[in-house]
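Written below as C-alpha cells is the structure these notes are about.
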Amino acid sequence: MLKEFAEYLQKMKENKTYEIGGRTYSDNPLVEIEAPVDRPKELEINGLDSCVALIQREIGKIRSLPVYVRVVSPRLVEVFTEWDERFERDRLYRVSCDAPQFLPGWMDYESAIIKLRSGFVVNEGIDYLLDLLGSIKRDDGVNTEDNGVSQIVTATQGVSLKSFVGVKPRVALAPYRTFTEVMQPVSEFLLRLDNDGRVGLFEADGGFWRLEAKKNIADYFAGQLQKEISDGAVVVMV
C-alpha cells in the first residue's frame with residue numbers, strides 16, 4: 001500500500017506537456033532556483049564628507065562599476081552601483097541632511113530674532129532685518145500701512161516719539177536649507193509685518209534655490225572625487 005502511494009506521488013511530480021491549438025502547455029510551472037547573492041546593506045549617513053570618504057575607501061571592493069552619486073534633493077543624496085549580470089543594483093549609501101530646515105511663514109518677535117541669528121548665513125539681508133526688528137517696540141502702538149507693494153511701520157520709541165520705517169518688500173536671505181559642506185543658496189523672501197508685531201518670511205523665488213543647492217552638491221562631489229570620476233569609477237548626477 002505504501003509502495004503504491006509513493007509511486008502515485010512520484011507520478012504527480014512528473015511534468016506533463018499538452019499540445020492544444022498549436023501551443024504547448026505544462027501542468028507544472030518551471031521555477032529557476034537562483035544561487036543567493038551577497039549584497040551590501042544600504043548605509044544611512046548624514047555628511048557629504050563622510051560619503052566621499054566611504055566612496056574613496058570602498059571603491060575597490062565594489063563589484064559593479066561605475067558608482068552613481070545622484071543628488072535627489074537639497075537634503076538627500078543616493079549612491080548606487082551599475083547593473084550587475086542580473087540587472088540589479090547595489091544601493092550603497094543614503095546621505096540625509098541633518099541641518100535644521102527653515103520653514104517659511106509667520107513667526108512671533110522672539111522666534112524671528114532667534115531664527116535670524118541662528119538659522120541664516122549672515123549677510124546684508126540679515127543685518128537689515130535685525131536692525132528693523134530692533135527699531136520696533138512691541139506694544140499696541142505698532143501699526144502698518146500697506147499698499148500691496150511696500151509697507152510703512154509705525155514704531156513707538158520711548159513714550160511719545162514715533163518714527164516711520166519703510167519696510168522692503170523683498171529681502172535676499174540664505175537660510176540653512178541644505179548640507180553645511182556647500183554654500184547655502186541666496187534667494188528672495190517676501191517680508192511682511194502685521195499689527196501684532198509678527199514677522200512673515202515667504203519664499204519668492206519659485207523654488208529656484210533648490211536647483212542651485214543641487215548644483216552646489218554635485219559640484220562638491222565633482223571636486224572631491226576628481227580622480228575617481230576621471231577613472232570612470234564614479235558618475236555624479238543631478
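Going through the C-alpha cells in order, the chains are called A, B, and so on, while each chain numbers its residues from 1 and the ligands are numbered from 1 in the order shown.
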
- Message: When you look at segment 41-52 of chain A with a cut-off of 8 Å (counting only C-alpha atoms), what residues show up, excluding the ones that are within fewer than 3 positions of it in the same chain? I need them as a PyMOL selection string.
- Response: chain A and resi 55-56+91-98+179+181+221+224-225

- List the neighbours of Leu65 of chain A out to 9 Å using only C-alpha atoms; skip same-chain residues closer than 6 positions along the sequence, and give me the result as a list in words. Ile59, Thr81, Glu82, Trp83, Asp84, Gly232, Ala233 and Val234 of chain A

- Task: Taking the DSSP assignment computed from this structure's backbone, write out as a PyMOL selection string all residues of segment 6-238 of chain A that belong to alpha helix (DSSP H).
- Result: chain A and resi 6-13+48-58+109-118+124-134+208-224+226-230

- Message: Could you pull out the strand (DSSP E) residues of segment 48-231 of chain A, going by DSSP on the backbone, and write them as a PyMOL selection string?
- Response: chain A and resi 67-73+76-81+91-96+105-107+143-146+151-157+161-167+170-173+187-193+199-203

- Separation of atom CA of Gln226 of chain A from atom CA of Val186 of chain A in Å: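 Distance reported for this atom pair: 26.9 Å.
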
- Query: From the list A:Glu78, A:Leu201, A:Met107, A:Asp90, which residue is nearest Gly125 of chain A when using only C-alpha atoms?
  - Reply: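 Checking each of A:Glu78, A:Leu201, A:Met107, A:Asp90 against Gly125 of chain A, counting only C-alpha atoms, the winner is A:Leu201.
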
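For the residues A:Glu228, A:Glu19, A:Asp38, A:Glu188, ranking by smallest atom-to-atom distance to Trp209 of chain A using only C-alpha atoms places A:Glu188 first.
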
- Note on the structure: For Thr178 of chain A, the closest of A:Pro74, A:Leu193, A:Val238, A:Trp106 counting only C-alpha atoms is A:Pro74

- Task: Show which residues sit within 12 Å of Arg86 of chain A, as a ChimeraX atom specification. Count only C-alpha atoms, and ignore same-chain residues fewer than 5 positions away.
- Result: /A:34-37,64

- Message: Neighbouring residues of Ser118 of chain A were defined as those with any atom within 12 Å, considering only C-alpha atoms; residues of the same chain fewer than 3 positions away were excluded. Please report them as JSON, numbers by chain.
- Response: {"A": [99, 100, 101, 102, 111, 112, 113, 114, 115, 121, 122, 126, 174, 175, 176]}

- Task: Can you work out which one of A:Ala53, A:Val182, A:Ile217, A:Val171 has the shortest atom-to-atom distance to Asp205 of chain A, counting only C-alpha atoms?
- Result: A:Val171

- Record the distance separating atom CA of Arg170 of chain A and atom CA of Ala204 of chain A, expressed in Å with one decimal.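 Separation of atom CA of Arg170 of chain A and atom CA of Ala204 of chain A: 8.0 Å.
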
- Distance criterion (only C-alpha atoms): nearest to Val67 of chain A out of A:Arg89, A:Lys227, A:Arg210, A:Arg23: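 Among the listed residues, the smallest separation from Val67 of chain A belongs to A:Arg89.
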
Please provide as a PDB file with C-alpha atoms, in the first residue's frame all residues within 12 Å of Lys214 of chain A, with the sequence filter that same-chain residues fewer than 2 positions apart are discarded (counting only C-alpha atoms).
```
ATOM      1  CA  VAL A  69      26.112  59.634  -6.994  1.00  0.00           C
ATOM      2  CA  ARG A  70      22.603  61.037  -7.502  1.00  0.00           C
ATOM      3  CA  VAL A  71      21.609  64.335  -5.919  1.00  0.00           C
ATOM      4  CA  VAL A  72      17.921  63.678  -5.280  1.00  0.00           C
ATOM      5  CA  SER A  73      17.125  66.932  -3.461  1.00  0.00           C
ATOM      6  CA  PRO A  74      18.893  69.670  -1.496  1.00  0.00           C
ATOM      7  CA  ARG A  75      18.702  67.373   1.543  1.00  0.00           C
ATOM      8  CA  LEU A  76      19.175  63.884   0.080  1.00  0.00           C
ATOM      9  CA  VAL A  77      21.871  62.064  -1.924  1.00  0.00           C
ATOM     10  CA  ARG A 177      18.408  74.595   3.862  1.00  0.00           C
ATOM     11  CA  THR A 178      20.977  72.138   2.530  1.00  0.00           C
ATOM     12  CA  PHE A 179      24.175  70.365   3.567  1.00  0.00           C
ATOM     13  CA  VAL A 182      28.251  73.510   0.449  1.00  0.00           C
ATOM     14  CA  MET A 183      27.324  77.161   0.003  1.00  0.00           C
ATOM     15  CA  GLN A 184      23.779  77.967   1.063  1.00  0.00           C
ATOM     16  CA  PRO A 185      21.740  79.403  -1.847  1.00  0.00           C
ATOM     17  CA  GLY A 207      11.832  77.284  -5.722  1.00  0.00           C
ATOM     18  CA  PHE A 208      14.826  78.179  -7.898  1.00  0.00           C
ATOM     19  CA  TRP A 209      17.081  77.838  -4.830  1.00  0.00           C
ATOM     20  CA  ARG A 210      16.559  74.055  -4.921  1.00  0.00           C
ATOM     21  CA  LEU A 211      18.203  73.826  -8.349  1.00  0.00           C
ATOM     22  CA  GLU A 212      21.136  75.916  -7.144  1.00  0.00           C
ATOM     23  CA  ASN A 216      26.311  73.049  -5.376  1.00  0.00           C
ATOM     24  CA  ILE A 217      26.163  69.498  -4.008  1.00  0.00           C
ATOM     25  CA  ALA A 218      27.075  67.992  -7.391  1.00  0.00           C
ATOM     26  CA  ASP A 219      29.986  70.445  -7.704  1.00  0.00           C
ATOM     27  CA  TYR A 220      31.175  69.396  -4.250  1.00  0.00           C
ATOM     28  CA  PHE A 221      31.343  65.722  -5.239  1.00  0.00           C
ATOM     29  CA  VAL A 236      27.740  62.372 -10.457  1.00  0.00           C
ATOM     30  CA  MET A 237      24.135  63.124 -11.451  1.00  0.00           C
ATOM     31  CA  VAL A 238      21.762  65.963 -10.574  1.00  0.00           C
TER      32      VAL A 238
END
```

- Of A:Leu173, A:Ile62, A:Ile33, A:Leu191, the one sitting nearest Asp127 of chain A when using only C-alpha atoms is A:Leu173
